[in-house]
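Novice: Take a look at this one; I'll ask things after.
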Protein chains: 4
Amino acid sequence: MRVAVVGASGYVGLELLRILLRHPEVELVAVTSEQRAGEPLGVAFPGLAGLLDLELEPNDPKAIAGRCELAFTALPHAVSAPTVASLHGAGVAVIDVSGDFRLHDLALYERYYGAHGARDLFGKAVYGLPELHREAIAGASLVAAPGCYPTGTLLPLVPFLRAGRIEPAPVHVDAKSGVSGAGRKLEGGLLFAEVDASFRAYGVGGAHRHVPEIEQEASRAAGEEVRVAFTPHLLPTTRGLATSVYARPRGALRSAEARAILGEAWQAEPFVRLLPEGETPSLAAVRGTNFCDVQALVDERTGSLLLLSAIDNLGKGASGQAVQCMNRMRGWPETTALLEAPLLP
Amino acid sequence: MRVAVVGASGYVGLELLRILLRHPEVELVAVTSEQRAGEPLGVAFPGLAGLLDLELEPNDPKAIAGRCELAFTALPHAVSAPTVASLHGAGVAVIDVSGDFRLHDLALYERYYGAHGARDLFGKAVYGLPELHREAIAGASLVAAPGCYPTGTLLPLVPFLRAGRIEPAPVHVDAKSGVSGAGRKLEGGLLFAEVDASFRAYGVGGAHRHVPEIEQEASRAAGEEVRVAFTPHLLPTTRGLATSVYARPRGALRSAEARAILGEAWQAEPFVRLLPEGETPSLAAVRGTNFCDVQALVDERTGSLLLLSAIDNLGKGASGQAVQCMNRMRGWPETTALLEAPLLP
Amino acid sequence: MRVAVVGASGYVGLELLRILLRHPEVELVAVTSEQRAGEPLGVAFPGLAGLLDLELEPNDPKAIAGRCELAFTALPHAVSAPTVASLHGAGVAVIDVSGDFRLHDLALYERYYGAHGARDLFGKAVYGLPELHREAIAGASLVAAPGCYPTGTLLPLVPFLRAGRIEPAPVHVDAKSGVSGAGRKLEGGLLFAEVDASFRAYGVGGAHRHVPEIEQEASRAAGEEVRVAFTPHLLPTTRGLATSVYARPRGALRSAEARAILGEAWQAEPFVRLLPEGETPSLAAVRGTNFCDVQALVDERTGSLLLLSAIDNLGKGASGQAVQCMNRMRGWPETTALLEAPLLP
Amino acid sequence: MRVAVVGASGYVGLELLRILLRHPEVELVAVTSEQRAGEPLGVAFPGLAGLLDLELEPNDPKAIAGRCELAFTALPHAVSAPTVASLHGAGVAVIDVSGDFRLHDLALYERYYGAHGARDLFGKAVYGLPELHREAIAGASLVAAPGCYPTGTLLPLVPFLRAGRIEPAPVHVDAKSGVSGAGRKLEGGLLFAEVDASFRAYGVGGAHRHVPEIEQEASRAAGEEVRVAFTPHLLPTTRGLATSVYARPRGALRSAEARAILGEAWQAEPFVRLLPEGETPSLAAVRGTNFCDVQALVDERTGSLLLLSAIDNLGKGASGQAVQCMNRMRGWPETTALLEAPLLP
């Protein structure tokens, strides 16, 4: 299948290339970048020299549409929507990794993101978390790949919401992300000397754009309104996203049962790994992969349920997940090109 | 005043030396290290060459007692207790940074630490958090400097417990520490290649030794039993400890009032800094200092109170705090040798 | 082909597994580890859960010999030699990544490493740098994969020695390695808090074990005795090895010609990438790969030739190179399982 | 003495504040920052809250001149010169940490930096390396604090040049700097995700602005023209600068004698520490300090002299050195406010 990556020079775009280069069913036919258009990929990114002989082109959906069957769009939100609409309108299947098509409530979108660039298409995408919406993804022509924080939060949390075993509010979510989650933005706060050896919360108090996305999918799973107190932090690492979720059980719940709920929910999933009792998810174990490692236990002192997860924010948190969606859309084994070992150490 | 540092070659001991070297009232007369005994300090630690002309001695309290008026003991728990008892029995004032004298309940100590090495002295120390126990510290001859996690948790939390404005259980404490908190132990999990670019929880479910210490002091402040679900994590940094506390308000509470409670509680404290609204504590801002930066807000979606703090685990979390206690014990200004700017960047 | 990895729990061993898991011609039949013997691989290393269903066995060559056609031995030097001898004697092709079979002069080996554990086999291995000894590797039953520093030094240096364009002594080699090059040793100097934010030279003045290896292969290429002043350093990174070589040209040499010499020497090599003029090799561009990026220029102020290279010390510096040798030995395309994009970022 | 810091919000400026805050003879009366003018210092930099009650002002030399006796100027080159000229013309003693007044040859300045912003004052500054120009600094009203690379190169190198014991060309200098050396510039290459876990050379082939500065001072010390092949690298650390110098001895030279030359040259210097034989300088040992640790040895294989040094690029490489100059200018002990222990770990 002929595939384009629109926005190939960002961190999500580069990770898409890394995965797609080893995908046996995919031929990369177009890679775009506004900033580096005109440069051979291996010149703009010497790390890719010798691997893919393409020139970066401008982000022009019209110029791309006729040459590919499927496009990944890895552009900033707002910029993404019209490009997605143009490609989709020309009959290209699209997997969008921006925030533009994840929400179903336009007012909520506008409150968190501002005006939407393709309102006709808003609400038409399938939310691309295969563990939740596998069937819908299979038939979709437009998939919105989830945000990294929602992925790390929902995979351990949803089984308990579906089973009605926890209170839907408040759910406390304390999450920590590597810097690549912010993209390659020229912001003072992302400079090495600012991030190195530091750590801090940001976007506290419900301000982060992933909050409505988490609540939308969590509420859908619960069948009732879920409310989260969400605190994201910036880790002094490039990749990786770790999440701690604290929730109140409905009725008695013990660690063994909590682990059983989690294990049974995802036992057939190739990318969700329930760790042995006593182990905790680590970023190292998922580095460069599409895995989400999870753990559950009940704190005996307080009765609270603690859920832990770890993903690579560029893997299962973005590009890996997007490729998993593509595999599902095309009917290929979902693990194609994705069953790689982590970079250890 | 003549001062000894027992256990000078560990990370807490080295930080004590760094601070005491600039203390105008202190003369360092003895520094000990089992492993490096016999070596000049500047040979064992070339970074200290030219700064202090002492030879490391064995940890022999009898050999030290006659030469100093006050000793800092920075030894592993269990090893510390008999040394403390010997020094204290010989009339030396002692500030112990191990866990041996922090708890008041011997059974609890034994459950978390094992047998105690100086039972006669157990329970006789003052808990060395000046913001909570300033008066008792002033008259003490034995002070147990708090653990790093309890310091980072109690300073933002206690004002709300004292005011009866939050439920005492469950309190969710999600904490993240730099690696130096574990000391210079030769453990596989502390190797650079294991920690770098990773992050993970450990000691989950109430297993960490700082849990009873947090609950002891929190309960004392609340006048009722406080129970915490405590999740410590290992950050890929050397120094620094960040804490998020999630609690349920009793009655209505808004962010402005939460900030006022915190601000009023600590307004006279030189080392607790309430950040401006909208700012979050960062490890960089406290690096190498004795400050504890704090913030409070109420999450509007859930009504939960979120408290954030940042300390240097070797500063306010250990050695800086111990020196602050010494200053208080001797009647010197508490800030002596401690009002340093952080290493920025 | 049935393959064993002996010493699978070290960093080189883990990287071998990562590469071999994606190798279409290889079936992993045995993985060994003295320390973790008896544990399923996915329990000892949760990052590998779901990827390979094998149990770690003790390092017993007799128990392995009958089950595999080829073995990678990734054991410490001295420990490796008898294991290699036993496997080789039983008809198993062996690729050894220790230092035990790289040198040809036994006295030199003994001076740098001590007594050799399989003297009959000493000197019988082919030095496994395909760019230098491709034909010999093709027919070998025992290959000694080069050290990481020799690989990073020889690939840029050898073309100039072969062409007789530089003085063979002194050659100044200033090299910098990530911490994983030291393996998973429990040494104080490898702890996170010691390595993080630091940098230092070690093994200076010709003391490092890779010096005789560099000089052996460099002299062989030059046809005269080459002498290097070699200064290795420890970088605060997990992976990656960068090398600067300073040499004196014989006769006039300009940057353009230097680049031409390098480019022509390796133009057919899939894993040696000469960077465009003005670019310098970076560790990021080779992270997780088998590439060696190189650059050459002549410093106009001094006339000195500067050669720069970057490799992943676990990739082209160890495990990737070993797999490249295996591919050559079996007649498979040398790039099989090795043409992966780097982890960017 | 009343002191101003012009350009207080850059990394060098912040480090000046950190040091000056503990200086007993200094009162900080003005701190400037174009970008943050109008903000209280403790708001712009929460890490400094509670330490200095000043508001950041614009970089207006006229507004500052009347209020201070001495000013540190920490502005980018070209921007610095007119500000320095204005302050100096108003009778304020100035210590400039930019590159604007370090060189003595205007044509060379213009080749490396472009047009100079205060040509009348060019060449009038004393080069502020106290170990080389102590007497001249004592009487100066304008001091140009050296660059970080020249400091790390000259301190180990000059004694051998003065003694005529090495060839003046070629001298190979392989240097590695932490990221803060580049200042707080918004450049893609300085983002955390680009620098972390990577390492690369830059400014190779004599292109770096510190080359003429090194050669000027080295030639002055040698009494003959010195030529260096200088290769700077970017380390994945925030602070610290390590240098390896390779030179050819004139006549026989052994390690013991080399160490003696270095030791005797700097034996009276409080900030240059010759390490014991067998030890190598490390960035950790000088972190946050004004020390320069040095080592010398002769490589037996090649006869080359190897010199190693380590400094904190913001300490002895910039702000610490500038304060040392101020101490000398005022006749205070040079070590005032500078004899601090490094941050270990």
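Residues in the structure tokens are named by chain (A, B, ... in the order shown) and by number from 1 within that chain; ligands are numbered from 1 in the order shown.
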I need the helix (DSSP H, G or I) residues of segment 227-259 of chain A per DSSP on the backbone, written as a tab-separated table (two decimals) with N, CA and C atoms, in the first residue's frame.

Specialist:
chain	number	residue	atom	x	y	z
A	255	SER	N	-6.38	-6.49	46.10
A	255	SER	CA	-5.39	-6.42	45.02
A	255	SER	C	-5.53	-7.57	44.03
A	256	ALA	N	-5.73	-8.78	44.54
A	256	ALA	CA	-5.79	-9.93	43.64
A	256	ALA	C	-6.94	-9.77	42.66
A	257	GLU	N	-8.06	-9.31	43.16
A	257	GLU	CA	-9.21	-9.14	42.28
A	257	GLU	C	-8.97	-8.01	41.28
A	258	ALA	N	-8.33	-6.95	41.77
A	258	ALA	CA	-8.04	-5.83	40.87
A	258	ALA	C	-7.15	-6.30	39.72
A	259	ARG	N	-6.14	-7.09	40.07
A	259	ARG	CA	-5.28	-7.63	39.02
A	259	ARG	C	-6.06	-8.55	38.07

Novice: Sorted by chain and rising residue number, list the residues of chain D at most 9 Å from chain A (counting only C-alpha atoms), each with its closest atom pair and distance in Å to one decimal, as CSV.

Specialist:
residue,atom,partner,partner_atom,distance
D:Gly178,CA,A:Ala193,CA,8.8
D:Val179,CA,A:Ala193,CA,6.5
D:Ser180,CA,A:Ala193,CA,6.1
D:Gly183,CA,A:Ala193,CA,8.9
D:Arg184,CA,A:Gly188,CA,7.5
D:Lys185,CA,A:Gly188,CA,8.0
D:Leu186,CA,A:Leu186,CA,5.8
D:Glu187,CA,A:Leu186,CA,6.7
D:Gly188,CA,A:Leu186,CA,6.5
D:Leu190,CA,A:Leu191,CA,5.8
D:Leu191,CA,A:Leu191,CA,4.3
D:Phe192,CA,A:Phe192,CA,3.8
D:Ala193,CA,A:Thr238,CA,5.1
D:Glu194,CA,A:Phe192,CA,8.2
D:Val195,CA,A:Phe192,CA,6.6
D:Asp196,CA,A:Thr238,CA,7.0
D:Ala197,CA,A:Thr238,CA,8.7
D:Pro236,CA,A:Phe192,CA,8.2
D:Thr237,CA,A:Asp196,CA,7.6
D:Thr238,CA,A:Ala193,CA,5.1
D:Arg239,CA,A:Ala193,CA,8.4

Novice: For N, CA and C atoms, I'd like the residues from the last selection saved as a compact mmCIF listing (two decimals), in the first residue's frame.

Specialist:
# COMPACT_ATOMS: atom_id res chain seq x y z
N GLY D 178 29.21 21.58 28.43
CA GLY D 178 27.79 21.50 28.74
C GLY D 178 27.02 22.54 27.95
N VAL D 179 25.72 22.34 27.89
CA VAL D 179 24.85 23.13 27.02
C VAL D 179 24.72 24.58 27.48
N SER D 180 24.88 24.83 28.76
CA SER D 180 24.68 26.21 29.24
C SER D 180 25.72 27.14 28.64
N GLY D 183 24.31 29.53 26.24
CA GLY D 183 23.32 30.49 26.69
C GLY D 183 21.91 29.99 26.49
N ARG D 184 20.95 30.87 26.79
CA ARG D 184 19.54 30.47 26.71
C ARG D 184 18.95 30.81 25.35
N LYS D 185 19.60 30.33 24.31
CA LYS D 185 19.13 30.63 22.96
C LYS D 185 18.03 29.68 22.53
N LEU D 186 17.05 30.21 21.81
CA LEU D 186 15.98 29.35 21.29
C LEU D 186 16.42 28.76 19.95
N GLU D 187 17.26 27.76 20.03
CA GLU D 187 17.71 27.07 18.81
C GLU D 187 17.29 25.61 18.92
N GLY D 188 16.89 25.08 17.76
CA GLY D 188 16.46 23.69 17.73
C GLY D 188 17.49 22.75 18.32
N LEU D 190 19.40 23.05 20.69
CA LEU D 190 19.56 23.13 22.14
C LEU D 190 18.35 22.59 22.91
N LEU D 191 17.36 22.08 22.17
CA LEU D 191 16.20 21.48 22.84
C LEU D 191 16.60 20.20 23.56
N PHE D 192 15.90 19.93 24.66
CA PHE D 192 16.23 18.75 25.44
C PHE D 192 16.24 17.48 24.59
N ALA D 193 15.21 17.30 23.78
CA ALA D 193 15.10 16.05 23.03
C ALA D 193 16.20 15.90 21.97
N GLU D 194 16.86 16.99 21.62
CA GLU D 194 17.96 16.92 20.65
C GLU D 194 19.30 16.64 21.34
N VAL D 195 19.48 17.18 22.52
CA VAL D 195 20.77 17.10 23.21
C VAL D 195 20.88 15.83 24.06
N ASP D 196 19.77 15.49 24.70
CA ASP D 196 19.73 14.35 25.61
C ASP D 196 20.22 13.09 24.91
N ALA D 197 21.10 12.36 25.58
CA ALA D 197 21.58 11.08 25.06
C ALA D 197 22.34 11.22 23.75
N PRO D 236 25.86 16.19 26.74
CA PRO D 236 24.49 16.17 27.27
C PRO D 236 24.49 16.44 28.78
N THR D 237 25.03 17.58 29.16
CA THR D 237 24.98 18.06 30.54
C THR D 237 24.66 19.54 30.48
N THR D 238 24.24 20.10 31.59
CA THR D 238 23.97 21.53 31.62
C THR D 238 25.24 22.33 31.87
N ARG D 239 26.03 21.88 32.83
CA ARG D 239 27.25 22.59 33.20
C ARG D 239 28.47 21.72 32.99

Novice: Quote the spacing between atom CA of Pro156 of chain D and atom CA of Val286 of chain D in Å to one decimal place.

Specialist: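 Interatomic distance here is 15.5 Å.
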
Novice: Write out as an mmCIF file with C-alpha atoms, in the first residue's frame each polymer residue whose atoms come within 9 Å of Pro82 of chain D, counting only C-alpha atoms; drop sequence neighbours fewer than 6 positions from it.

Specialist:
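Writing the result to part.cif gives the following:
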data_model
loop_
_atom_site.group_PDB
_atom_site.id
_atom_site.type_symbol
_atom_site.label_atom_id
_atom_site.label_comp_id
_atom_site.auth_asym_id
_atom_site.auth_seq_id
_atom_site.Cartn_x
_atom_site.Cartn_y
_atom_site.Cartn_z
ATOM 1 C CA HIS D 116 32.736 46.062 16.734
ATOM 2 C CA GLY D 117 30.336 48.330 18.592
ATOM 3 C CA ALA D 118 32.854 50.494 20.437
#

Novice: What's the 10 Å shell around Leu161 of chain B, counting only C-alpha atoms, without same-chain residues fewer than 5 positions away, as a PyMOL selection string?

Specialist: chain B and resi 154+156+166-168+218-224+226

Novice: Would you mind telling me which residue in C:Ala71, C:Leu283, C:Ala229, C:Leu129 lies nearest to Ala247 of chain D when using only C-alpha atoms?

Specialist: C:Ala229

Novice: Give me every strand (DSSP E or B) residue in segment 77-297 of chain C, going by DSSP on the backbone, as a PDB file with C-alpha atoms, in the first residue's frame.

Specialist:
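Everything below was put into out21.pdb:
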ATOM      1  CA  ALA C  93      30.134 -21.723  14.904  1.00  0.00           C
ATOM      2  CA  VAL C  94      30.964 -19.042  17.448  1.00  0.00           C
ATOM      3  CA  ILE C  95      30.934 -15.254  17.380  1.00  0.00           C
ATOM      4  CA  ASP C  96      32.624 -14.018  20.535  1.00  0.00           C
ATOM      5  CA  VAL C 126      38.988 -13.936  12.434  1.00  0.00           C
ATOM      6  CA  TYR C 127      38.760 -10.306  13.513  1.00  0.00           C
ATOM      7  CA  LEU C 142      35.225 -18.524  14.977  1.00  0.00           C
ATOM      8  CA  VAL C 143      34.892 -14.758  14.798  1.00  0.00           C
ATOM      9  CA  ALA C 144      36.058 -12.266  17.383  1.00  0.00           C
ATOM     10  CA  ILE C 166      49.322   9.999   7.342  1.00  0.00           C
ATOM     11  CA  VAL C 171      48.013   9.291  16.188  1.00  0.00           C
ATOM     12  CA  HIS C 172      45.928  11.034  18.851  1.00  0.00           C
ATOM     13  CA  VAL C 173      42.607   9.347  19.562  1.00  0.00           C
ATOM     14  CA  ASP C 174      40.185  11.096  21.899  1.00  0.00           C
ATOM     15  CA  ALA C 175      37.146   8.861  22.424  1.00  0.00           C
ATOM     16  CA  LYS C 176      33.953   9.175  24.451  1.00  0.00           C
ATOM     17  CA  SER C 177      31.696   6.270  25.363  1.00  0.00           C
ATOM     18  CA  LEU C 191      26.035   4.634  39.703  1.00  0.00           C
ATOM     19  CA  ARG C 200      35.881  12.272  32.809  1.00  0.00           C
ATOM     20  CA  ALA C 201      38.777  10.509  31.135  1.00  0.00           C
ATOM     21  CA  VAL C 228      48.223   5.782  19.206  1.00  0.00           C
ATOM     22  CA  ALA C 229      47.848   8.042  22.221  1.00  0.00           C
ATOM     23  CA  PHE C 230      44.398   6.892  23.267  1.00  0.00           C
ATOM     24  CA  THR C 231      42.200   8.728  25.758  1.00  0.00           C
ATOM     25  CA  PRO C 232      38.812   7.186  26.515  1.00  0.00           C
ATOM     26  CA  HIS C 233      36.142   9.131  28.435  1.00  0.00           C
ATOM     27  CA  LEU C 234      32.873   8.241  30.120  1.00  0.00           C
ATOM     28  CA  LEU C 241      30.529   6.221  21.208  1.00  0.00           C
ATOM     29  CA  ALA C 242      32.129   9.232  19.530  1.00  0.00           C
ATOM     30  CA  THR C 243      35.726   9.389  18.402  1.00  0.00           C
ATOM     31  CA  SER C 244      38.037  12.201  17.331  1.00  0.00           C
ATOM     32  CA  VAL C 245      41.275  11.202  15.628  1.00  0.00           C
ATOM     33  CA  TYR C 246      44.061  13.732  15.045  1.00  0.00           C
ATOM     34  CA  ALA C 247      46.829  12.731  12.640  1.00  0.00           C
ATOM     35  CA  PRO C 249      49.328  14.088   6.867  1.00  0.00           C
ATOM     36  CA  VAL C 272      29.481   3.428   6.948  1.00  0.00           C
ATOM     37  CA  ARG C 273      27.973   6.813   6.135  1.00  0.00           C
ATOM     38  CA  LEU C 274      30.195   9.707   5.107  1.00  0.00           C
ATOM     39  CA  SER C 282      26.128  12.684  16.324  1.00  0.00           C
ATOM     40  CA  CYS C 292      29.034   4.219  11.708  1.00  0.00           C
ATOM     41  CA  ASP C 293      28.826   7.873  10.660  1.00  0.00           C
ATOM     42  CA  VAL C 294      32.145   9.446   9.674  1.00  0.00           C
ATOM     43  CA  GLN C 295      33.577  12.795   8.689  1.00  0.00           C
ATOM     44  CA  ALA C 296      37.053  14.011   7.697  1.00  0.00           C
ATOM     45  CA  LEU C 297      38.584  17.453   7.414  1.00  0.00           C
TER      46      LEU C 297
END

Novice: From the options A:Pro24, A:Pro76, A:Pro46, A:Gly139, which residue's atoms come nearest to Val6 of chain A, counting only C-alpha atoms?

Specialist: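 Closest to Val6 of chain A of all the choices is A:Pro76.
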
Novice: Write out as an MDAnalysis selection string which residues come within 9 Å of Pro212 of chain A when counting only C-alpha atoms, dropping same-chain ones fewer than 4 positions away.

Specialist: chainID A and resid 103 108:109 112 206 208 216:217

Novice: Do a neighbour search on Gly147 of chain A at 9 Å with only C-alpha atoms, toss out local chain neighbours closer than 3 positions, and write the hits as a VMD selection string.

Specialist: chain A and resid 97 to 99 102 150 to 152 210 213 to 214 313 317 to 318

Novice: Excluding same-chain residues fewer than 6 positions from Asn290 of chain B, what lies within 6 Å of it counting only C-alpha atoms, as a list in words?

Specialist: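 The residues that qualify are Gly315, Lys316 and Gly320 of chain B.
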
Novice: How would the residues just picked look written out with N, CA and C atoms as an mmCIF file, in the first residue's frame?

Specialist:
data_model
loop_
_atom_site.group_PDB
_atom_site.id
_atom_site.type_symbol
_atom_site.label_atom_id
_atom_site.label_comp_id
_atom_site.auth_asym_id
_atom_site.auth_seq_id
_atom_site.Cartn_x
_atom_site.Cartn_y
_atom_site.Cartn_z
ATOM 1 N N GLY B 315 18.922 18.655 50.542
ATOM 2 C CA GLY B 315 18.897 19.950 51.225
ATOM 3 C C GLY B 315 17.832 19.941 52.313
ATOM 4 N N LYS B 316 16.677 20.528 51.994
ATOM 5 C CA LYS B 316 15.578 20.525 52.975
ATOM 6 C C LYS B 316 15.154 19.094 53.288
ATOM 7 N N GLY B 320 20.366 20.059 54.731
ATOM 8 C CA GLY B 320 20.005 21.448 55.005
ATOM 9 C C GLY B 320 19.102 21.512 56.235
#
